[in-house]
Amino acid sequence: MPAVFLTIDTEFRWGHHAAGLALPAIGARSIEPAGVGLAWQLDVLARHRLKACFFVDPMPALVYGADAIAAVVAPILAAGQEVQLHLHPNWVGACAGDGGARHGRFELIDHSQGAQGALLAKAIALLTAAGAPAPVAFRAGSYAANDDTLSALAMLGIRYDSSHNGAHAPWPSAIGLPPSRIAPVARRGVVEVPVTVIEDRPGRYRNFQICALSIAEMRAALDHAVAHDHAAVTIVSHSFELANRAGTAPNRVHVRRFEALCAMLAARADALPTRHFSERPCLPLDCADRPLPHSAVRRHWRQVEQAWSTLVAERAA
């Protein structure tokens, strides 16, 4: 049966830093936006008895201190969920209050393998200093990983990577795998657990993400995985994704999708169990799993829903 990795990239949004907001506002709009952030998501997961992986970016500690990241890590662990490693390298060299003028390179793949290893080692140290266990899984910010990233992860003892995303390949998701690859595969000393994608149009893909798929598409993707006995389903969300871009009001479309997804996973728990990477699951490798084929009807209704979200939900202040 497919293992489900319900993953939530949890990070301070660079845009709020660049806008000159103070740390409390950055945290509020990135981690706890509009009452539908981390605390609310943890509550929904608990009510449905689901496991989730929170990929936490500790790099803002370089600017705002370790306590800022510890305040994110603590409630996740207290709720019985796991913290794994996320990394946006542009925080290196950043400075509070300068409007984002100073920053490092934005994509991890813009660095050599050695430089990537050094950044990853620093991120691990910052994450564990914030109270997280030593990570066993990683996702690059913006999915910006390549095969050098995987080699660096293996050298640091990270067992799983979940950066390959066919909807963002070949850049910035630059691991040398086909865009249609959704089954776990051993590569460069780690187990790559790709983000699940569906076929949006022939040969073009859309990732299984709360802000990217309609409820009908999510349901169809889950049913497809069960029917074809896929090795894994890897779902993406963000700490800030259920609010508007400003982080000041809920995005009702995304909130409804998250609630519906959790209900679907709870109802299918026997066939689609949610897992933690820290359980070190032994995943079937090299399976020939294929994405859900495209459907013009499903795509049309999602586009209608997305338009409503943009015109109505995003205008809420």
# chains A, B, ... in the order shown; residues from 1 in each chain; ligands from 1
$ select_by_dssp --residues "region 52-270 of chain A" --states "helix (DSSP H, G or I)" --output "ChimeraX atom specification"
/A:61-64,66-78,89-91,108-110,113-129,141-143,147-155,166-168,215-227,252-267
$ select_by_dssp --residues "region 91-278 of chain A" --states "strand (DSSP E)" --output "number ranges by chain"
A: 137-140, 160-161, 185-187, 190-192, 197-201, 204-207, 232-238
$ residues_around --residues "Phe54 (chain A)" --least-positions-apart "4" --cutoff "9 Å" --atoms "only C-alpha atoms" --output "PyMOL selection string"
chain A and resi 6-10+73+76+81-86+238-239
$ write_last_selection --atoms "all heavy atoms" --output "short mmCIF file (atom, residue, chain, number, x, y, z; two decimals), in the first residue's frame"
data_model
loop_
_atom_site.label_atom_id
_atom_site.label_comp_id
_atom_site.auth_asym_id
_atom_site.auth_seq_id
_atom_site.Cartn_x
_atom_site.Cartn_y
_atom_site.Cartn_z
N LEU A 6 2.75 13.50 4.14
CA LEU A 6 2.06 14.78 4.14
C LEU A 6 3.06 15.80 4.67
O LEU A 6 3.34 15.85 5.87
CB LEU A 6 0.81 14.70 5.01
CG LEU A 6 -0.02 15.97 5.18
CD1 LEU A 6 -0.40 16.58 3.84
CD2 LEU A 6 -1.26 15.67 6.00
N THR A 7 3.63 16.59 3.79
CA THR A 7 4.76 17.45 4.16
C THR A 7 4.36 18.92 4.12
O THR A 7 3.62 19.35 3.23
CB THR A 7 5.97 17.22 3.23
OG1 THR A 7 5.68 17.69 1.92
CG2 THR A 7 6.32 15.73 3.15
N ILE A 8 4.86 19.67 5.08
CA ILE A 8 4.56 21.09 5.20
C ILE A 8 5.87 21.86 5.34
O ILE A 8 6.55 21.77 6.37
CB ILE A 8 3.62 21.36 6.40
CG1 ILE A 8 2.31 20.57 6.23
CG2 ILE A 8 3.34 22.86 6.54
CD1 ILE A 8 1.38 20.62 7.42
N ASP A 9 6.25 22.57 4.29
CA ASP A 9 7.46 23.39 4.34
C ASP A 9 7.18 24.60 5.23
O ASP A 9 6.25 25.39 4.96
CB ASP A 9 7.86 23.84 2.94
CG ASP A 9 8.28 22.67 2.05
OD1 ASP A 9 8.36 21.54 2.56
OD2 ASP A 9 8.53 22.90 0.86
N THR A 10 7.98 24.74 6.26
CA THR A 10 7.69 25.69 7.34
C THR A 10 8.84 26.68 7.43
O THR A 10 9.96 26.31 7.78
CB THR A 10 7.50 24.92 8.67
OG1 THR A 10 6.48 23.92 8.49
CG2 THR A 10 7.11 25.85 9.79
N VAL A 73 9.86 25.03 16.21
CA VAL A 73 10.11 23.59 16.41
C VAL A 73 9.31 23.04 17.58
O VAL A 73 8.73 21.94 17.49
CB VAL A 73 11.62 23.36 16.62
CG1 VAL A 73 11.90 21.96 17.14
CG2 VAL A 73 12.39 23.63 15.34
N ILE A 76 5.60 21.80 17.15
CA ILE A 76 5.52 20.66 16.24
C ILE A 76 5.84 19.38 16.98
O ILE A 76 5.10 18.39 16.91
CB ILE A 76 6.47 20.85 15.04
CG1 ILE A 76 6.08 22.07 14.22
CG2 ILE A 76 6.49 19.59 14.16
CD1 ILE A 76 7.11 22.45 13.16
N GLN A 81 4.37 15.48 16.00
CA GLN A 81 4.74 15.47 14.60
C GLN A 81 6.26 15.60 14.47
O GLN A 81 6.96 15.83 15.45
CB GLN A 81 4.04 16.61 13.86
CG GLN A 81 2.53 16.58 13.95
CD GLN A 81 1.90 15.37 13.25
OE1 GLN A 81 2.58 14.55 12.62
NE2 GLN A 81 0.58 15.25 13.36
N GLU A 82 6.76 15.41 13.25
CA GLU A 82 8.21 15.42 13.09
C GLU A 82 8.70 16.70 12.42
O GLU A 82 8.00 17.32 11.63
CB GLU A 82 8.67 14.21 12.29
CG GLU A 82 8.36 14.22 10.81
CD GLU A 82 9.06 13.09 10.06
OE1 GLU A 82 9.92 12.41 10.63
OE2 GLU A 82 8.73 12.90 8.86
N VAL A 83 9.94 17.03 12.76
CA VAL A 83 10.66 18.14 12.15
C VAL A 83 11.80 17.57 11.32
O VAL A 83 12.60 16.77 11.83
CB VAL A 83 11.21 19.10 13.22
CG1 VAL A 83 12.15 20.13 12.60
CG2 VAL A 83 10.07 19.79 13.96
N GLN A 84 11.85 17.94 10.05
CA GLN A 84 12.98 17.59 9.19
C GLN A 84 13.55 18.87 8.59
O GLN A 84 13.06 19.96 8.87
CB GLN A 84 12.55 16.59 8.13
CG GLN A 84 12.04 15.25 8.68
CD GLN A 84 13.09 14.44 9.44
OE1 GLN A 84 14.30 14.73 9.39
NE2 GLN A 84 12.64 13.44 10.17
N LEU A 85 14.57 18.75 7.77
CA LEU A 85 15.38 19.91 7.36
C LEU A 85 14.93 20.51 6.04
O LEU A 85 14.71 19.80 5.05
CB LEU A 85 16.85 19.49 7.25
CG LEU A 85 17.85 20.60 6.92
CD1 LEU A 85 17.91 21.62 8.06
CD2 LEU A 85 19.23 19.99 6.66
N HIS A 86 14.82 21.83 6.03
CA HIS A 86 14.53 22.63 4.85
C HIS A 86 15.63 23.69 4.78
O HIS A 86 16.27 23.99 5.80
CB HIS A 86 13.16 23.28 5.04
CG HIS A 86 12.55 23.87 3.80
ND1 HIS A 86 12.50 23.22 2.60
CD2 HIS A 86 11.92 25.07 3.60
CE1 HIS A 86 11.86 23.97 1.72
NE2 HIS A 86 11.51 25.10 2.30
N HIS A 238 2.55 24.49 2.77
CA HIS A 238 3.46 25.42 3.43
C HIS A 238 2.78 25.97 4.69
O HIS A 238 1.54 26.02 4.77
CB HIS A 238 3.84 26.60 2.52
CG HIS A 238 4.75 26.22 1.40
ND1 HIS A 238 4.30 25.61 0.25
CD2 HIS A 238 6.10 26.37 1.25
CE1 HIS A 238 5.31 25.38 -0.56
NE2 HIS A 238 6.42 25.84 0.01
N SER A 239 3.58 26.44 5.61
CA SER A 239 3.02 27.01 6.83
C SER A 239 2.12 28.19 6.53
O SER A 239 1.15 28.46 7.24
CB SER A 239 4.15 27.44 7.78
OG SER A 239 5.08 28.29 7.12
#
$ atom_distance --atom1 "CA of His111 (chain A)" --atom2 "CA of Leu87 (chain A)"
13.0 Å
$ closest_residue --among "A:Leu153, A:Val63, A:Met264, A:Ala140" --to "His17 (chain A)" --atoms "only C-alpha atoms"
A:Val63
$ closest_residue --among "A:Ala28, A:Leu156, A:Ala221, A:Ala212" --to "Gly114 (chain A)" --atoms "only C-alpha atoms"
A:Leu156
$ closest_residue --among "A:Ala220, A:Leu120, A:Ala231, A:Ala225" --to "Cys287 (chain A)" --atoms "only C-alpha atoms"
A:Ala231
$ residues_around --residues "Ala132 (chain A)" --least-positions-apart "2" --cutoff "8 Å" --atoms "only C-alpha atoms" --output "number ranges by chain"
A: 73-74, 77, 83, 127-130, 134-135
$ closest_residue --among "A:Ala145, A:Ala18, A:Leu261, A:Ala125" --to "Pro172 (chain A)" --atoms "only C-alpha atoms"
A:Ala145
$ residues_around --residues "Pro89 (chain A)" --least-positions-apart "5" --cutoff "8 Å" --atoms "only C-alpha atoms" --output "VMD selection string"
chain A and resid 59 104 to 108 119
$ write_last_selection --atoms "N, CA, C and O atoms" --output "PDB file, in the first residue's frame"
ATOM      1  N   MET A  59      17.540  28.593   8.697  1.00  0.00           N
ATOM      2  CA  MET A  59      18.521  29.609   8.304  1.00  0.00           C
ATOM      3  C   MET A  59      18.190  31.029   8.775  1.00  0.00           C
ATOM      4  O   MET A  59      19.115  31.825   9.008  1.00  0.00           O
ATOM      5  N   GLY A 104      22.390  35.918   0.432  1.00  0.00           N
ATOM      6  CA  GLY A 104      23.176  34.953  -0.316  1.00  0.00           C
ATOM      7  C   GLY A 104      22.472  34.555  -1.597  1.00  0.00           C
ATOM      8  O   GLY A 104      21.409  35.096  -1.941  1.00  0.00           O
ATOM      9  N   ARG A 105      23.048  33.601  -2.318  1.00  0.00           N
ATOM     10  CA  ARG A 105      22.411  33.082  -3.515  1.00  0.00           C
ATOM     11  C   ARG A 105      21.081  32.428  -3.140  1.00  0.00           C
ATOM     12  O   ARG A 105      20.984  31.738  -2.135  1.00  0.00           O
ATOM     13  N   PHE A 106      20.102  32.614  -3.985  1.00  0.00           N
ATOM     14  CA  PHE A 106      18.763  32.158  -3.626  1.00  0.00           C
ATOM     15  C   PHE A 106      18.562  30.659  -3.818  1.00  0.00           C
ATOM     16  O   PHE A 106      17.717  30.062  -3.150  1.00  0.00           O
ATOM     17  N   GLU A 107      19.294  30.036  -4.731  1.00  0.00           N
ATOM     18  CA  GLU A 107      19.067  28.620  -5.000  1.00  0.00           C
ATOM     19  C   GLU A 107      20.265  27.793  -4.544  1.00  0.00           C
ATOM     20  O   GLU A 107      21.424  28.128  -4.842  1.00  0.00           O
ATOM     21  N   LEU A 108      19.997  26.703  -3.864  1.00  0.00           N
ATOM     22  CA  LEU A 108      21.068  25.832  -3.388  1.00  0.00           C
ATOM     23  C   LEU A 108      21.903  25.302  -4.554  1.00  0.00           C
ATOM     24  O   LEU A 108      23.113  25.130  -4.425  1.00  0.00           O
ATOM     25  N   LEU A 119      26.704  24.452   3.673  1.00  0.00           N
ATOM     26  CA  LEU A 119      25.412  25.063   4.003  1.00  0.00           C
ATOM     27  C   LEU A 119      24.505  24.070   4.718  1.00  0.00           C
ATOM     28  O   LEU A 119      23.834  24.415   5.705  1.00  0.00           O
TER      29      LEU A 119
END
$ closest_residue --among "A:Ala25, A:Ala3, A:Cys282, A:Val195" --to "His164 (chain A)" --atoms "only C-alpha atoms"
A:Val195
$ residues_around --residues "Arg299 (chain A)" --least-positions-apart "6" --cutoff "10 Å" --atoms "only C-alpha atoms" --output "list in words"
Glu199, Asp200, Arg201, Leu213, Ser214, Ala216, Glu217 and Glu305 of chain A
$ residues_around --residues "Gly65 (chain A)" --least-positions-apart "2" --cutoff "12 Å" --atoms "only C-alpha atoms" --output "number ranges by chain"
A: 23, 58-63, 67-71, 95-96, 126-127, 129-130
$ closest_residue --among "A:His224, A:Arg280, A:Arg181, A:Arg47" --to "Ile158 (chain A)" --atoms "only C-alpha atoms"
A:Arg280
